[in-house]
file target-v7.pdb (PDB, C-alpha atoms and all ligand atoms)
MODEL        1
ATOM      1  CA  MET A   1       0.000   0.000   0.000
ATOM      2  CA  ILE A   2       2.685   2.444   1.083
ATOM      3  CA  ASP A   3       4.852   1.629  -1.919
ATOM      4  CA  ARG A   4       1.990   2.052  -4.341
ATOM      5  CA  TYR A   5       1.251   5.616  -3.255
ATOM      6  CA  SER A   6       4.772   6.695  -2.236
ATOM      7  CA  ARG A   7       5.063   9.373  -4.949
ATOM      8  CA  GLN A   8       1.748  10.815  -3.936
ATOM      9  CA  THR A   9       2.370  10.818  -0.186
ATOM     10  CA  LEU A  10       5.734  12.518  -0.784
ATOM     11  CA  PHE A  11       3.712  15.409  -2.119
ATOM     12  CA  PRO A  12       3.394  17.383   1.144
ATOM     13  CA  GLU A  13      -0.134  18.684   0.562
ATOM     14  CA  ILE A  14      -1.371  15.077   0.551
ATOM     15  CA  GLY A  15       1.095  13.191   2.764
ATOM     16  CA  GLU A  16       0.199  10.036   4.725
ATOM     17  CA  GLU A  17      -2.721  11.804   6.356
ATOM     18  CA  GLY A  18      -4.271  12.850   3.049
ATOM     19  CA  GLN A  19      -3.709   9.398   1.593
ATOM     20  CA  LYS A  20      -5.700   7.864   4.435
ATOM     21  CA  LYS A  21      -8.547  10.266   3.743
ATOM     22  CA  LEU A  22      -8.514   9.375   0.055
ATOM     23  CA  GLY A  23      -8.617   5.689   0.985
ATOM     24  CA  ASN A  24     -11.681   6.271   3.152
ATOM     25  CA  SER A  25     -13.519   8.255   0.467
ATOM     26  CA  SER A  26     -16.279   7.286  -1.887
ATOM     27  CA  VAL A  27     -16.736   8.951  -5.275
ATOM     28  CA  VAL A  28     -19.397   8.595  -7.943
ATOM     29  CA  ILE A  29     -18.417   9.396 -11.517
ATOM     30  CA  ILE A  30     -21.445  10.150 -13.672
ATOM     31  CA  GLY A  31     -20.723   9.666 -17.350
ATOM     32  CA  CYS A  32     -17.755   7.637 -18.575
ATOM     33  CA  GLY A  33     -16.822   9.255 -21.864
ATOM     34  CA  ALA A  34     -13.774  11.431 -22.480
ATOM     35  CA  LEU A  35     -13.876  13.243 -19.125
ATOM     36  CA  GLY A  36     -15.129  10.270 -17.112
ATOM     37  CA  THR A  37     -12.386   7.914 -18.313
ATOM     38  CA  VAL A  38      -9.682  10.446 -17.382
ATOM     39  CA  ILE A  39     -11.236  11.059 -13.965
ATOM     40  CA  ALA A  40     -11.778   7.337 -13.284
ATOM     41  CA  THR A  41      -8.231   6.289 -14.152
ATOM     42  CA  SER A  42      -6.808   9.147 -12.084
ATOM     43  CA  LEU A  43      -8.898   8.517  -8.972
ATOM     44  CA  VAL A  44      -8.526   4.728  -9.007
ATOM     45  CA  ARG A  45      -4.742   5.038  -9.366
ATOM     46  CA  ALA A  46      -4.717   7.657  -6.582
ATOM     47  CA  GLY A  47      -6.313   5.164  -4.210
ATOM     48  CA  ILE A  48      -9.811   6.522  -3.585
ATOM     49  CA  GLY A  49     -11.537   3.859  -1.454
ATOM     50  CA  LYS A  50     -14.702   3.395  -3.481
ATOM     51  CA  VAL A  51     -15.388   4.451  -7.046
ATOM     52  CA  ARG A  52     -18.749   3.983  -8.718
ATOM     53  CA  ILE A  53     -18.834   4.612 -12.461
ATOM     54  CA  VAL A  54     -22.233   5.219 -14.033
ATOM     55  CA  ASP A  55     -22.760   5.333 -17.789
ATOM     56  CA  ARG A  56     -25.644   4.491 -20.105
ATOM     57  CA  ASP A  57     -23.744   3.767 -23.286
ATOM     58  CA  PHE A  58     -21.706   1.111 -25.098
ATOM     59  CA  ILE A  59     -18.388   1.715 -26.864
ATOM     60  CA  GLU A  60     -18.026   2.713 -30.507
ATOM     61  CA  TYR A  61     -14.992   3.344 -32.709
ATOM     62  CA  HIS A  62     -15.395   7.118 -32.671
ATOM     63  CA  ASN A  63     -15.009   7.017 -28.849
ATOM     64  CA  LEU A  64     -11.440   5.627 -28.975
ATOM     65  CA  GLN A  65      -9.953   8.937 -30.164
ATOM     66  CA  ARG A  66     -10.410  10.406 -26.661
ATOM     67  CA  GLN A  67     -11.883   7.902 -24.185
ATOM     68  CA  VAL A  68      -8.696   6.579 -22.648
ATOM     69  CA  LEU A  69      -9.968   3.460 -20.860
ATOM     70  CA  PHE A  70     -11.304   1.615 -23.906
ATOM     71  CA  ASP A  71      -9.867  -0.414 -26.761
ATOM     72  CA  GLU A  72     -10.914  -2.268 -29.910
ATOM     73  CA  GLU A  73     -11.352  -5.500 -27.972
ATOM     74  CA  ASP A  74     -14.079  -3.859 -25.851
ATOM     75  CA  ILE A  75     -15.961  -2.916 -29.013
ATOM     76  CA  LYS A  76     -15.750  -6.476 -30.372
ATOM     77  CA  ASP A  77     -17.034  -7.742 -27.019
ATOM     78  CA  GLU A  78     -19.887  -5.192 -27.186
ATOM     79  CA  LEU A  79     -19.196  -3.976 -23.669
ATOM     80  CA  PRO A  80     -21.023  -1.086 -22.044
ATOM     81  CA  LYS A  81     -18.595   1.670 -21.010
ATOM     82  CA  ALA A  82     -19.221   1.222 -17.284
ATOM     83  CA  ILE A  83     -18.394  -2.489 -17.473
ATOM     84  CA  ALA A  84     -15.266  -2.060 -19.627
ATOM     85  CA  ALA A  85     -14.038   0.682 -17.268
ATOM     86  CA  GLU A  86     -14.664  -1.472 -14.193
ATOM     87  CA  ARG A  87     -12.882  -4.506 -15.680
ATOM     88  CA  TYR A  88      -9.834  -2.547 -16.721
ATOM     89  CA  LEU A  89      -9.493  -0.461 -13.557
ATOM     90  CA  LYS A  90      -9.796  -3.537 -11.298
ATOM     91  CA  LYS A  91      -6.590  -4.744 -12.959
ATOM     92  CA  VAL A  92      -4.959  -1.364 -12.303
ATOM     93  CA  ASN A  93      -5.772  -1.195  -8.587
ATOM     94  CA  SER A  94      -7.391  -4.175  -6.881
ATOM     95  CA  SER A  95      -7.481  -2.399  -3.520
ATOM     96  CA  VAL A  96     -10.145   0.029  -4.756
ATOM     97  CA  GLU A  97     -13.781  -1.015  -4.604
ATOM     98  CA  ILE A  98     -14.905  -0.319  -8.178
ATOM     99  CA  GLU A  99     -18.471  -0.650  -9.339
ATOM    100  CA  GLY A 100     -19.586  -0.095 -12.923
ATOM    101  CA  VAL A 101     -23.286   0.696 -13.264
ATOM    102  CA  VAL A 102     -24.978   0.613 -16.671
ATOM    103  CA  ALA A 103     -27.815   3.087 -16.336
ATOM    104  CA  ASP A 104     -29.295   6.278 -17.621
ATOM    105  CA  VAL A 105     -29.066   8.840 -14.829
ATOM    106  CA  ASN A 106     -32.404  10.526 -14.320
ATOM    107  CA  TYR A 107     -34.595  12.069 -11.640
ATOM    108  CA  ALA A 108     -35.907   8.662 -10.632
ATOM    109  CA  ASN A 109     -32.566   7.015  -9.825
ATOM    110  CA  ILE A 110     -29.966   9.733  -9.155
ATOM    111  CA  GLU A 111     -30.479   9.874  -5.387
ATOM    112  CA  ARG A 112     -29.942   6.137  -5.131
ATOM    113  CA  LEU A 113     -26.870   6.274  -7.405
ATOM    114  CA  VAL A 114     -25.107   8.958  -5.357
ATOM    115  CA  ASP A 115     -26.177   7.613  -1.959
ATOM    116  CA  GLY A 116     -23.179   7.384   0.386
ATOM    117  CA  ALA A 117     -20.843   9.333  -1.903
ATOM    118  CA  ASP A 118     -18.536  12.033  -0.546
ATOM    119  CA  LEU A 119     -18.193  13.612  -3.966
ATOM    120  CA  ILE A 120     -19.852  13.533  -7.389
ATOM    121  CA  MET A 121     -17.747  13.887 -10.526
ATOM    122  CA  ASP A 122     -19.282  15.172 -13.739
ATOM    123  CA  GLY A 123     -18.212  13.239 -16.815
ATOM    124  CA  LEU A 124     -21.346  14.109 -18.743
ATOM    125  CA  ASP A 125     -22.055  15.454 -22.180
ATOM    126  CA  ASN A 126     -25.380  17.146 -21.482
ATOM    127  CA  LEU A 127     -26.660  20.067 -19.452
ATOM    128  CA  GLU A 128     -29.902  18.517 -18.335
ATOM    129  CA  THR A 129     -28.217  15.782 -16.304
ATOM    130  CA  ARG A 130     -25.740  18.298 -14.875
ATOM    131  CA  LEU A 131     -28.635  20.355 -13.592
ATOM    132  CA  LEU A 132     -29.944  17.184 -11.996
ATOM    133  CA  ILE A 133     -26.559  16.563 -10.322
ATOM    134  CA  ASN A 134     -26.636  20.152  -9.103
ATOM    135  CA  ASP A 135     -30.033  19.594  -7.467
ATOM    136  CA  VAL A 136     -29.002  16.362  -5.776
ATOM    137  CA  SER A 137     -25.719  17.907  -4.642
ATOM    138  CA  LEU A 138     -27.421  20.865  -2.988
ATOM    139  CA  LYS A 139     -30.225  18.791  -1.508
ATOM    140  CA  HIS A 140     -27.903  16.240   0.119
ATOM    141  CA  LYS A 141     -24.916  18.579   0.675
ATOM    142  CA  VAL A 142     -22.542  16.519  -1.454
ATOM    143  CA  PRO A 143     -19.980  18.560  -3.406
ATOM    144  CA  TRP A 144     -19.559  18.026  -7.130
ATOM    145  CA  VAL A 145     -16.997  18.966  -9.753
ATOM    146  CA  TYR A 146     -18.417  20.227 -13.007
ATOM    147  CA  GLY A 147     -16.463  19.703 -16.213
ATOM    148  CA  GLY A 148     -17.249  20.128 -19.871
ATOM    149  CA  ALA A 149     -15.167  19.973 -23.034
ATOM    150  CA  ILE A 150     -15.964  20.634 -26.651
ATOM    151  CA  SER A 151     -13.891  21.504 -29.717
ATOM    152  CA  SER A 152     -10.523  22.674 -28.286
ATOM    153  CA  SER A 153     -11.925  24.268 -25.154
ATOM    154  CA  GLY A 154     -13.301  23.307 -21.798
ATOM    155  CA  MET A 155     -14.543  24.527 -18.443
ATOM    156  CA  THR A 156     -14.495  23.287 -14.892
ATOM    157  CA  MET A 157     -15.678  24.461 -11.506
ATOM    158  CA  SER A 158     -16.098  22.975  -8.047
ATOM    159  CA  ILE A 159     -19.500  23.317  -6.458
ATOM    160  CA  ILE A 160     -19.539  23.062  -2.684
ATOM    161  CA  PRO A 161     -23.047  23.380  -1.204
ATOM    162  CA  ASP A 162     -23.480  26.438   1.028
ATOM    163  CA  GLU A 163     -20.017  27.684   0.098
ATOM    164  CA  THR A 164     -19.740  28.409  -3.625
ATOM    165  CA  PRO A 165     -22.204  29.512  -6.311
ATOM    166  CA  CYS A 166     -24.030  26.528  -7.784
ATOM    167  CA  PHE A 167     -24.324  25.433 -11.405
ATOM    168  CA  ARG A 168     -27.776  26.964 -11.740
ATOM    169  CA  CYS A 169     -26.500  30.297 -10.531
ATOM    170  CA  PHE A 170     -24.970  30.709 -13.971
ATOM    171  CA  TRP A 171     -27.288  28.546 -16.091
ATOM    172  CA  ALA A 172     -30.286  30.697 -15.348
ATOM    173  CA  ASN A 173     -32.611  29.068 -17.862
ATOM    174  CA  PRO A 174     -33.064  25.425 -18.777
ATOM    175  CA  PRO A 175     -30.923  24.573 -21.794
ATOM    176  CA  SER A 176     -32.577  25.198 -25.119
ATOM    177  CA  ARG A 177     -32.945  22.500 -27.715
ATOM    178  CA  GLU A 178     -30.314  24.120 -29.952
ATOM    179  CA  MET A 179     -27.811  24.357 -27.141
ATOM    180  CA  ALA A 180     -28.338  20.737 -26.231
ATOM    181  CA  LEU A 181     -27.460  19.730 -29.781
ATOM    182  CA  THR A 182     -24.342  21.838 -30.358
ATOM    183  CA  CYS A 183     -21.943  18.948 -29.890
ATOM    184  CA  ASP A 184     -23.417  17.249 -32.965
ATOM    185  CA  THR A 185     -21.547  19.719 -35.114
ATOM    186  CA  ALA A 186     -18.627  20.985 -33.041
ATOM    187  CA  GLY A 187     -16.286  17.978 -32.687
ATOM    188  CA  VAL A 188     -13.593  17.721 -30.053
ATOM    189  CA  ILE A 189      -9.816  17.177 -29.937
ATOM    190  CA  ASN A 190      -8.613  14.936 -27.117
ATOM    191  CA  PRO A 191      -6.313  17.398 -25.264
ATOM    192  CA  ALA A 192      -9.394  19.416 -24.250
ATOM    193  CA  PRO A 193     -11.099  16.669 -22.200
ATOM    194  CA  LEU A 194      -7.719  15.301 -21.041
ATOM    195  CA  VAL A 195      -6.829  18.652 -19.474
ATOM    196  CA  ILE A 196     -10.284  19.313 -18.025
ATOM    197  CA  GLY A 197     -10.593  15.763 -16.647
ATOM    198  CA  SER A 198      -7.178  16.158 -14.997
ATOM    199  CA  LEU A 199      -8.134  19.485 -13.424
ATOM    200  CA  GLN A 200     -11.318  17.847 -12.134
ATOM    201  CA  SER A 201      -9.278  15.019 -10.572
ATOM    202  CA  ALA A 202      -7.002  17.479  -8.803
ATOM    203  CA  GLU A 203     -10.108  19.214  -7.434
ATOM    204  CA  ALA A 204     -11.440  15.846  -6.261
ATOM    205  CA  MET A 205      -8.255  15.145  -4.306
ATOM    206  CA  LYS A 206      -8.332  18.585  -2.677
ATOM    207  CA  ILE A 207     -11.993  18.365  -1.713
ATOM    208  CA  LEU A 208     -11.662  14.808  -0.364
ATOM    209  CA  ILE A 209      -8.710  15.601   1.901
ATOM    210  CA  GLY A 210     -10.380  18.797   3.097
ATOM    211  CA  ALA A 211      -7.870  21.198   1.534
ATOM    212  CA  ARG A 212      -9.229  24.710   1.392
ATOM    213  CA  GLU A 213      -7.537  25.766  -1.826
ATOM    214  CA  PHE A 214     -10.088  24.190  -4.145
ATOM    215  CA  ASN A 215     -11.115  26.119  -7.230
ATOM    216  CA  ARG A 216     -13.870  28.624  -6.502
ATOM    217  CA  GLU A 217     -13.934  30.125  -9.967
ATOM    218  CA  LEU A 218     -14.942  28.931 -13.402
ATOM    219  CA  ILE A 219     -11.751  27.854 -15.144
ATOM    220  CA  VAL A 220     -11.896  28.177 -18.918
ATOM    221  CA  ILE A 221      -9.200  26.745 -21.190
ATOM    222  CA  ASP A 222      -8.462  26.523 -24.882
ATOM    223  CA  VAL A 223      -5.785  23.935 -25.619
ATOM    224  CA  TRP A 224      -5.386  24.998 -29.261
ATOM    225  CA  ARG A 225      -4.781  28.639 -28.480
ATOM    226  CA  GLY A 226      -2.962  27.858 -25.244
ATOM    227  CA  GLU A 227      -5.313  30.034 -23.215
ATOM    228  CA  PHE A 228      -6.161  29.578 -19.578
ATOM    229  CA  SER A 229      -8.440  31.956 -17.690
ATOM    230  CA  ASP A 230     -10.765  32.061 -14.730
ATOM    231  CA  LEU A 231     -14.033  33.825 -14.241
ATOM    232  CA  LYS A 232     -15.210  34.962 -10.870
ATOM    233  CA  LEU A 233     -18.798  33.943 -10.305
ATOM    234  CA  SER A 234     -21.195  34.963  -7.646
ATOM    235  CA  ARG A 235     -24.431  33.539  -6.350
ATOM    236  CA  ARG A 236     -27.500  34.574  -8.301
ATOM    237  CA  ALA A 237     -30.159  36.023  -6.014
ATOM    238  CA  GLY A 238     -33.022  34.298  -7.819
ATOM    239  CA  CYS A 239     -31.350  30.883  -8.199
ATOM    240  CA  PRO A 240     -34.046  28.283  -7.405
ATOM    241  CA  ALA A 241     -31.576  25.515  -6.494
ATOM    242  CA  CYS A 242     -29.789  27.730  -3.962
ATOM    243  CA  HIS A 243     -33.189  28.352  -2.384
ATOM    244  CA  GLY A 244     -34.091  24.704  -2.013
ATOM    245  CA  GLU A 245     -36.231  24.413  -5.153
ATOM    246  CA  TYR A 246     -34.987  21.334  -6.957
ATOM    247  CA  GLU A 247     -36.850  21.592 -10.235
ATOM    248  CA  TYR A 248     -34.834  18.992 -12.115
ATOM    249  CA  LEU A 249     -35.023  16.474  -9.316
ATOM    250  CA  GLY A 250     -38.735  17.229  -9.169
ATOM    251  CA  ALA A 251     -38.972  15.745 -12.688
ATOM    252  CA  LYS A 252     -40.290  18.925 -14.260
ATOM    253  CA  PHE A 253     -37.830  18.432 -17.083
ATOM    254  CA  GLY A 254     -37.755  14.644 -17.234
ATOM    255  CA  THR A 255     -38.045  13.130 -20.701
ATOM    256  CA  ARG A 256     -38.650   9.630 -21.951
ATOM    257  CA  THR A 257     -36.808   9.994 -25.220
ATOM    258  CA  THR A 258     -33.552  11.862 -25.560
ATOM    259  CA  SER A 259     -31.529  12.620 -28.651
ATOM    260  CA  LEU A 260     -27.957  11.664 -27.700
ATOM    261  CA  CYS A 261     -25.236  14.232 -28.034
ATOM    262  CA  GLY A 262     -23.084  13.831 -31.142
ATOM    263  CA  GLN A 263     -24.183  10.280 -31.834
ATOM    264  CA  ASN A 264     -27.094  10.452 -34.249
ATOM    265  CA  SER A 265     -29.067   8.223 -31.931
ATOM    266  CA  VAL A 266     -32.016   8.425 -29.588
ATOM    267  CA  GLN A 267     -32.434   6.881 -26.169
ATOM    268  CA  VAL A 268     -35.848   5.518 -25.231
ATOM    269  CA  LEU A 269     -36.670   4.929 -21.569
ATOM    270  CA  ASN A 270     -39.329   2.510 -20.471
ATOM    271  CA  PRO A 271     -39.550   2.588 -16.669
ATOM    272  CA  GLU A 272     -42.361   0.019 -16.658
ATOM    273  CA  ALA A 273     -40.410  -2.595 -18.598
ATOM    274  CA  GLY A 274     -38.953  -4.459 -15.616
ATOM    275  CA  GLU A 275     -36.141  -6.945 -16.181
ATOM    276  CA  VAL A 276     -35.949  -7.905 -19.876
ATOM    277  CA  SER A 277     -35.149 -11.514 -20.764
ATOM    278  CA  PHE A 278     -32.705 -11.310 -23.697
ATOM    279  CA  LYS A 279     -33.236 -14.973 -24.468
ATOM    280  CA  ARG A 280     -36.965 -14.533 -24.900
ATOM    281  CA  LEU A 281     -36.667 -11.200 -26.729
ATOM    282  CA  ALA A 282     -34.050 -12.616 -29.128
ATOM    283  CA  LYS A 283     -36.338 -15.508 -29.962
ATOM    284  CA  GLN A 284     -39.204 -13.119 -30.590
ATOM    285  CA  LEU A 285     -37.162 -10.759 -32.820
ATOM    286  CA  ALA A 286     -35.214 -13.402 -34.748
ATOM    287  CA  SER A 287     -37.970 -13.814 -37.325
ATOM    288  CA  VAL A 288     -38.026 -10.069 -38.139
ATOM    289  CA  GLY A 289     -34.369  -9.078 -38.157
ATOM    290  CA  LYS A 290     -30.818  -9.825 -37.082
ATOM    291  CA  VAL A 291     -30.291 -10.297 -33.345
ATOM    292  CA  SER A 292     -27.196 -10.787 -31.196
ATOM    293  CA  TYR A 293     -26.763 -10.428 -27.452
ATOM    294  CA  ASN A 294     -24.454 -10.901 -24.475
ATOM    295  CA  GLU A 295     -25.189 -10.487 -20.758
ATOM    296  CA  PHE A 296     -25.129  -6.676 -20.999
ATOM    297  CA  LEU A 297     -26.987  -5.750 -24.167
ATOM    298  CA  LEU A 298     -29.003  -7.027 -27.109
ATOM    299  CA  ARG A 299     -28.457  -5.653 -30.608
ATOM    300  CA  PHE A 300     -31.269  -5.824 -33.140
ATOM    301  CA  LYS A 301     -31.093  -4.828 -36.819
ATOM    302  CA  VAL A 302     -34.075  -4.545 -39.110
ATOM    303  CA  ASP A 303     -34.089  -2.816 -42.531
ATOM    304  CA  ASN A 304     -31.820   0.218 -42.050
ATOM    305  CA  GLN A 305     -32.524   0.521 -38.344
ATOM    306  CA  GLU A 306     -30.452  -0.644 -35.451
ATOM    307  CA  MET A 307     -31.492  -0.788 -31.831
ATOM    308  CA  VAL A 308     -29.554  -1.692 -28.683
ATOM    309  CA  ILE A 309     -31.591  -2.856 -25.698
ATOM    310  CA  PHE A 310     -30.371  -3.014 -22.081
ATOM    311  CA  PRO A 311     -31.639  -5.368 -19.341
ATOM    312  CA  ASP A 312     -33.735  -2.590 -17.739
ATOM    313  CA  GLY A 313     -35.724  -2.098 -20.945
ATOM    314  CA  ARG A 314     -33.895   1.056 -21.977
ATOM    315  CA  ALA A 315     -32.989   1.240 -25.680
ATOM    316  CA  ILE A 316     -30.698   3.267 -27.904
ATOM    317  CA  VAL A 317     -31.966   3.595 -31.464
ATOM    318  CA  ASN A 318     -29.109   4.307 -33.874
ATOM    319  CA  ASN A 319     -28.917   6.278 -37.127
ATOM    320  CA  THR A 320     -31.619   8.789 -36.261
ATOM    321  CA  ASN A 321     -32.239  11.969 -34.285
ATOM    322  CA  ASP A 322     -35.991  11.628 -34.716
ATOM    323  CA  GLU A 323     -37.442  10.940 -31.283
ATOM    324  CA  ALA A 324     -40.895  10.065 -32.606
ATOM    325  CA  LEU A 325     -39.434   7.542 -35.040
ATOM    326  CA  ALA A 326     -37.335   5.996 -32.263
ATOM    327  CA  ARG A 327     -40.318   5.738 -29.942
ATOM    328  CA  GLY A 328     -42.335   4.168 -32.762
ATOM    329  CA  LEU A 329     -39.702   1.527 -33.471
ATOM    330  CA  TYR A 330     -39.455   0.747 -29.787
ATOM    331  CA  ALA A 331     -43.207   0.350 -29.483
ATOM    332  CA  LYS A 332     -43.337  -1.836 -32.590
ATOM    333  CA  TYR A 333     -40.541  -4.256 -31.753
ATOM    334  CA  ILE A 334     -40.119  -4.173 -27.978
ATOM    335  CA  GLY A 335     -43.504  -2.892 -26.867
ATOM    336  CA  MET A 336     -44.360  -0.098 -24.436
TER     337      MET A 336
HETATM  338 ZN    ZN B 401     -27.448  28.565  -7.233
ENDMDL
END
call {"tool": "encode", "arguments": {"input": "target-v7.pdb", "output": "structure tokens", "more": "lines below"}}
Ligand SMILES: [Zn+2]
result
Amino acid sequence: MIDRYSRQTLFPEIGEEGQKKLGNSSVVIIGCGALGTVIATSLVRAGIGKVRIVDRDFIEYHNLQRQVLFDEEDIKDELPKAIAAERYLKKVNSSVEIEGVVADVNYANIERLVDGADLIMDGLDNLETRLLINDVSLKHKVPWVYGGAISSSGMTMSIIPDETPCFRCFWANPPSREMALTCDTAGVINPAPLVIGSLQSAEAMKILIGAREFNRELIVIDVWRGEFSDLKLSRRAGCPACHGEYEYLGAKFGTRTTSLCGQNSVQVLNPEAGEVSFKRLAKQLASVGKVSYNEFLLRFKVDNQEMVIFPDGRAIVNNTNDEALARGLYAKYIGM
């Protein structure tokens, strides 16, 4: 144990004392894409006691350019990101309790997913779920570290309930449709999320050991231009979240179908589905199209459409941004 972390405990701000605190900490990483993979590898190697990694997606070739925990083998094995991350990181550090959870994070399950955590890490690609994290963070007084990266730029900020401004203090209005879809066109180069994810990890270490020098400002970087700046933010007087109104957690903005950022695909939720038997579903769909499945997901192709179904009944419909079409296909083949 001591050998493993010797370079980190030599760093005086952490030391043996800080290392112990890290070892007794529990962190939830929500979203395991570019940012989440950087954060997860950093925190598991640093010896955080418990790390839960939550992600709703499986791995595709266009992820490998920036999502540092995955490889081509994972794609061939059709692994969800949370499972591939868990398997790999358990080999990196077996002393950390690592749990991969394949799930869409929404108002119905977020409180359960972050239960017992000392810190929530944002590895997401969408504003709506961040606003949900913000609500749960403020309600249960669990700090979180926001991070976002797109194109060659990124932002990060630490949100400590009752101490710093919250995320909703500066996102006054719910995200518009257009804003939610910007990443479909913008692209991203990997240094942007690698830098932001690393800054988030450093914040995590500081917050978990109780260091007071965590980042209270919004850090904004551009890795292409080599720019690094910080914006001072203050609490917004009319911020609902800061006044105990948790609108996102209250499901006011909950949706059943979501167009997924940058993927040309739509997620369909079906909370009433219960546990889906892949064996039975495969049998049922085999006469209509091409079906394959493993223990984590079932892939179904019919005509030009492709659908991936998870054990909880959730589906991702590929090659479309049309939510109505996706819902229709789901109803037709899986049933609502
Ligand atoms: Zn606020």
call {"tool": "residues_near_ligand", "arguments": {"input": "target-v7.pdb", "ligand": "ligand ZN 401 (chain B)", "cutoff": "12 Å", "atoms": "all atoms listed in the file", "output": "short mmCIF file (atom, residue, chain, number, x, y, z; two decimals) with C-alpha atoms, in the frame of the given file"}}
result
data_model
loop_
_atom_site.label_atom_id
_atom_site.label_comp_id
_atom_site.auth_asym_id
_atom_site.auth_seq_id
_atom_site.Cartn_x
_atom_site.Cartn_y
_atom_site.Cartn_z
CA LEU A 131 -28.64 20.36 -13.59
CA ASN A 134 -26.64 20.15 -9.10
CA ASP A 135 -30.03 19.59 -7.47
CA SER A 137 -25.72 17.91 -4.64
CA LEU A 138 -27.42 20.86 -2.99
CA LYS A 139 -30.22 18.79 -1.51
CA ILE A 159 -19.50 23.32 -6.46
CA ILE A 160 -19.54 23.06 -2.68
CA PRO A 161 -23.05 23.38 -1.20
CA ASP A 162 -23.48 26.44 1.03
CA GLU A 163 -20.02 27.68 0.10
CA THR A 164 -19.74 28.41 -3.62
CA PRO A 165 -22.20 29.51 -6.31
CA CYS A 166 -24.03 26.53 -7.78
CA PHE A 167 -24.32 25.43 -11.40
CA ARG A 168 -27.78 26.96 -11.74
CA CYS A 169 -26.50 30.30 -10.53
CA PHE A 170 -24.97 30.71 -13.97
CA TRP A 171 -27.29 28.55 -16.09
CA ALA A 172 -30.29 30.70 -15.35
CA ASN A 173 -32.61 29.07 -17.86
CA LEU A 233 -18.80 33.94 -10.30
CA SER A 234 -21.20 34.96 -7.65
CA ARG A 235 -24.43 33.54 -6.35
CA ARG A 236 -27.50 34.57 -8.30
CA ALA A 237 -30.16 36.02 -6.01
CA GLY A 238 -33.02 34.30 -7.82
CA CYS A 239 -31.35 30.88 -8.20
CA PRO A 240 -34.05 28.28 -7.40
CA ALA A 241 -31.58 25.52 -6.49
CA CYS A 242 -29.79 27.73 -3.96
CA HIS A 243 -33.19 28.35 -2.38
CA GLY A 244 -34.09 24.70 -2.01
CA GLU A 245 -36.23 24.41 -5.15
CA TYR A 246 -34.99 21.33 -6.96
#
call {"tool": "closest_residue", "arguments": {"input": "target-v7.pdb", "among": "A:Lys332, A:Arg4, A:Lys90, A:Arg52", "to": "Arg112 (chain A)", "atoms": "only C-alpha atoms"}}
result
A:Arg52
call {"tool": "closest_residue", "arguments": {"input": "target-v7.pdb", "among": "A:Glu78, A:Asp71, A:Gly31, A:Tyr330", "to": "Asn294 (chain A)", "atoms": "all atoms listed in the file"}}
result
A:Glu78
call {"tool": "axis_aligned_box", "arguments": {"input": "target-v7.pdb", "around": "region 78-83 of chain A", "padding_each_side": "8 Å", "output": "lines of an AutoDock Vina configuration file"}}
result
center_x = -19.7
center_y = -1.8
center_z = -22.2
size_x = 18.6
size_y = 22.9
size_z = 25.9
call {"tool": "resolve_selection", "arguments": {"input": "target-v7.pdb", "expression": "the PyMOL selection byres (((chain A and resi 303-320) around 6) and not hetatm)", "output": "ChimeraX atom specification"}}
result
/A:264-270,273-276,297-302,321-322,326
call {"tool": "write_last_selection", "arguments": {"input": "target-v7.pdb", "atoms": "C-alpha atoms", "output": "JSON list (two decimals), in the frame of the given file"}}
result
[["chain", "number", "residue", "atom", "x", "y", "z"],
["A", 264, "ASN", "CA", -27.09, 10.45, -34.25],
["A", 265, "SER", "CA", -29.07, 8.22, -31.93],
["A", 266, "VAL", "CA", -32.02, 8.43, -29.59],
["A", 267, "GLN", "CA", -32.43, 6.88, -26.17],
["A", 268, "VAL", "CA", -35.85, 5.52, -25.23],
["A", 269, "LEU", "CA", -36.67, 4.93, -21.57],
["A", 270, "ASN", "CA", -39.33, 2.51, -20.47],
["A", 273, "ALA", "CA", -40.41, -2.60, -18.60],
["A", 274, "GLY", "CA", -38.95, -4.46, -15.62],
["A", 275, "GLU", "CA", -36.14, -6.94, -16.18],
["A", 276, "VAL", "CA", -35.95, -7.90, -19.88],
["A", 297, "LEU", "CA", -26.99, -5.75, -24.17],
["A", 298, "LEU", "CA", -29.00, -7.03, -27.11],
["A", 299, "ARG", "CA", -28.46, -5.65, -30.61],
["A", 300, "PHE", "CA", -31.27, -5.82, -33.14],
["A", 301, "LYS", "CA", -31.09, -4.83, -36.82],
["A", 302, "VAL", "CA", -34.08, -4.54, -39.11],
["A", 321, "ASN", "CA", -32.24, 11.97, -34.28],
["A", 322, "ASP", "CA", -35.99, 11.63, -34.72],
["A", 326, "ALA", "CA", -37.34, 6.00, -32.26]]
call {"tool": "residues_around", "arguments": {"input": "target-v7.pdb", "residues": "region 123-130 of chain A", "least_positions_apart": "6", "cutoff": "6 Å", "atoms": "only C-alpha atoms", "output": "ChimeraX atom specification"}}
result
/A:30-32,35-36
call {"tool": "resolve_selection", "arguments": {"input": "target-v7.pdb", "expression": "the PyMOL selection byres (((chain A and resi 66) around 10) and not hetatm)", "output": "list of chain:residue names"}}
result
A:Gly33, A:Ala34, A:Leu35, A:Thr37, A:Val38, A:His62, A:Asn63, A:Leu64, A:Gln65, A:Gln67, A:Val68, A:Leu69, A:Phe70, A:Val188, A:Ile189, A:Asn190, A:Pro191, A:Ala192, A:Pro193, A:Leu194
call {"tool": "residues_around", "arguments": {"input": "target-v7.pdb", "residues": "Ile14 (chain A)", "least_positions_apart": "2", "cutoff": "12 Å", "atoms": "only C-alpha atoms", "output": "list in words"}}
result
Tyr5, Ser6, Arg7, Gln8, Thr9, Leu10, Phe11, Pro12, Glu16, Glu17, Gly18, Gln19, Lys20, Lys21, Leu22, Gly23, Ala46, Ala202, Met205, Lys206, Ile207, Leu208, Ile209, Gly210 and Ala211 of chain A
